[in-house]
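*Asks:* Below you will find the structure I want to go over with you.
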Amino acid sequence: MAELALLTTALLFGGTLLYSFGFAAFLFTSLPAETAGPLIRKAFPHFYIFVFVTSLLAAGLLAVADPLAAFALGAVSGTTIYARQVLMPAINAATDNADKGRFKRLHGFSVAITLAHIAVAGFVILRIANV
């Protein structure tokens, strides 16, 4: 069970890194902003579902063996719901209303949440690997 939890958490870690620093950056450097923006807007709901499912699955796999790691991954899952259902629509609304200041604040907060998710996944990977 620990091996499957490790692989699932590694998928979360790698997938989040790739999406955040690879895919999103690639889109904005390869496409005009008026094309990249709507495309990334369509992709983010799927990204959040990926983070939610993988973190929840890994938390479930670790619930008995490592309650602290399970709790940490459960927190990732919970904050992902907030990011997808509350924060993302607010960011989109700020973009639609050309409210650059609000967009920057909200986007910065979403980046901080994603970086925290990456850090938690890395923490759990190291914790599981050292067991």
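In the structure tokens, each chain is lettered A, B, ... as it comes, each chain's residues begin at 1, and ligands are numbered from 1 in order of appearance.
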Run DSSP on the backbone and tell me which residues of chain A come out as alpha helix (DSSP H); list them as number ranges by chain.

*Replies:* A: 2-17, 24-30, 33-62, 67-82, 88-96, 100-129

*Asks:* Mind dumping a table of every stretch 71-98 of chain A residue within 12 Å of stretch 122-126 of chain A, with the nearest atom pair and its distance in Å to one decimal, using only C-alpha atoms, sorted by chain and rising number, as a Markdown table?

*Replies:*
| residue | atom | partner | partner_atom | distance |
| --- | --- | --- | --- | --- |
| A:Phe71 | CA | A:Val124 | CA | 10.3 |
| A:Ala72 | CA | A:Val124 | CA | 7.9 |
| A:Leu73 | CA | A:Val124 | CA | 8.0 |
| A:Gly74 | CA | A:Val124 | CA | 11.6 |
| A:Val76 | CA | A:Val124 | CA | 11.4 |

*Asks:* So that I can check the surroundings of A:Phe52, please list as a ChimeraX atom specification every protein, DNA and RNA residue that reaches within 12 Å of it, counting only C-alpha atoms and ignoring chain neighbours fewer than 3 positions away.

*Replies:* /A:8-9,12,15-16,45-49,55-59,73-85,114,117

*Asks:* I'd like the neighbourhood of A:Ile40 as a PyMOL selection string, where a residue qualifies if any of its atoms comes within 10 Å (using only C-alpha atoms), though same-chain residues fewer than 3 positions away should be ignored.

*Replies:* chain A and resi 23-24+27-28+35-37+43-45+47

*Asks:* Go through A:Val120, A:Ala112, A:Leu39, A:Ala90 and flag the residue nearest A:Ala10, using only C-alpha atoms for the distances.

*Replies:*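 Among the listed residues, A:Val120 lies closest to A:Ala10.
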
*Asks:* To one decimal place, how far is atom CA of A:Ala116 from atom CA of A:Asn92 in Å?

*Replies:*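 Distance between the two atoms: 21.6 Å.
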
*Asks:* Quick one: residues within 9 Å of stretch 103-106 of chain A, only C-alpha atoms counted, chain neighbours fewer than 3 positions away excluded, as JSON, numbers by chain?

*Replies:* {"A": [87, 88, 90, 91, 92, 93, 94, 95, 98, 99, 100, 109, 110, 111]}

*Asks:* Any chance you can output those residues with N, CA, C and O atoms as a tab-separated table (two decimals), in the first residue's frame?

*Replies:*
chain	number	residue	atom	x	y	z
A	87	LEU	N	-11.66	30.42	-6.06
A	87	LEU	CA	-10.57	31.27	-6.51
A	87	LEU	C	-10.51	31.40	-8.04
A	87	LEU	O	-10.38	32.50	-8.57
A	88	MET	N	-10.62	30.28	-8.75
A	88	MET	CA	-10.54	30.33	-10.21
A	88	MET	C	-11.65	31.20	-10.82
A	88	MET	O	-11.35	32.04	-11.68
A	90	ALA	N	-13.11	33.71	-9.45
A	90	ALA	CA	-12.78	35.10	-9.08
A	90	ALA	C	-11.66	35.63	-9.97
A	90	ALA	O	-11.69	36.80	-10.40
A	91	ILE	N	-10.67	34.80	-10.26
A	91	ILE	CA	-9.58	35.20	-11.16
A	91	ILE	C	-10.14	35.47	-12.56
A	91	ILE	O	-9.79	36.47	-13.20
A	92	ASN	N	-11.00	34.60	-13.03
A	92	ASN	CA	-11.61	34.78	-14.35
A	92	ASN	C	-12.44	36.05	-14.41
A	92	ASN	O	-12.40	36.79	-15.40
A	93	ALA	N	-13.18	36.33	-13.35
A	93	ALA	CA	-13.99	37.56	-13.30
A	93	ALA	C	-13.10	38.79	-13.31
A	93	ALA	O	-13.40	39.78	-13.99
A	94	ALA	N	-12.00	38.75	-12.58
A	94	ALA	CA	-11.07	39.89	-12.57
A	94	ALA	C	-10.50	40.11	-13.97
A	94	ALA	O	-10.36	41.25	-14.42
A	95	THR	N	-10.18	39.02	-14.65
A	95	THR	CA	-9.67	39.13	-16.03
A	95	THR	C	-10.74	39.72	-16.93
A	95	THR	O	-10.47	40.65	-17.72
A	98	ALA	N	-11.16	43.36	-16.50
A	98	ALA	CA	-9.91	44.10	-16.69
A	98	ALA	C	-9.43	44.73	-15.38
A	98	ALA	O	-8.84	45.82	-15.37
A	99	ASP	N	-9.67	44.05	-14.27
A	99	ASP	CA	-9.22	44.51	-12.96
A	99	ASP	C	-7.86	43.89	-12.68
A	99	ASP	O	-7.74	42.85	-12.03
A	100	LYS	N	-6.82	44.55	-13.18
A	100	LYS	CA	-5.47	43.99	-13.12
A	100	LYS	C	-4.95	43.84	-11.69
A	100	LYS	O	-4.27	42.87	-11.39
A	109	PHE	N	-2.15	34.49	-5.13
A	109	PHE	CA	-2.63	33.57	-4.11
A	109	PHE	C	-2.76	32.16	-4.67
A	109	PHE	O	-2.39	31.19	-4.02
A	110	SER	N	-3.26	32.04	-5.90
A	110	SER	CA	-3.39	30.71	-6.51
A	110	SER	C	-2.01	30.08	-6.75
A	110	SER	O	-1.85	28.87	-6.57
A	111	VAL	N	-1.05	30.89	-7.12
A	111	VAL	CA	0.32	30.39	-7.29
A	111	VAL	C	0.87	29.91	-5.95
A	111	VAL	O	1.50	28.85	-5.86
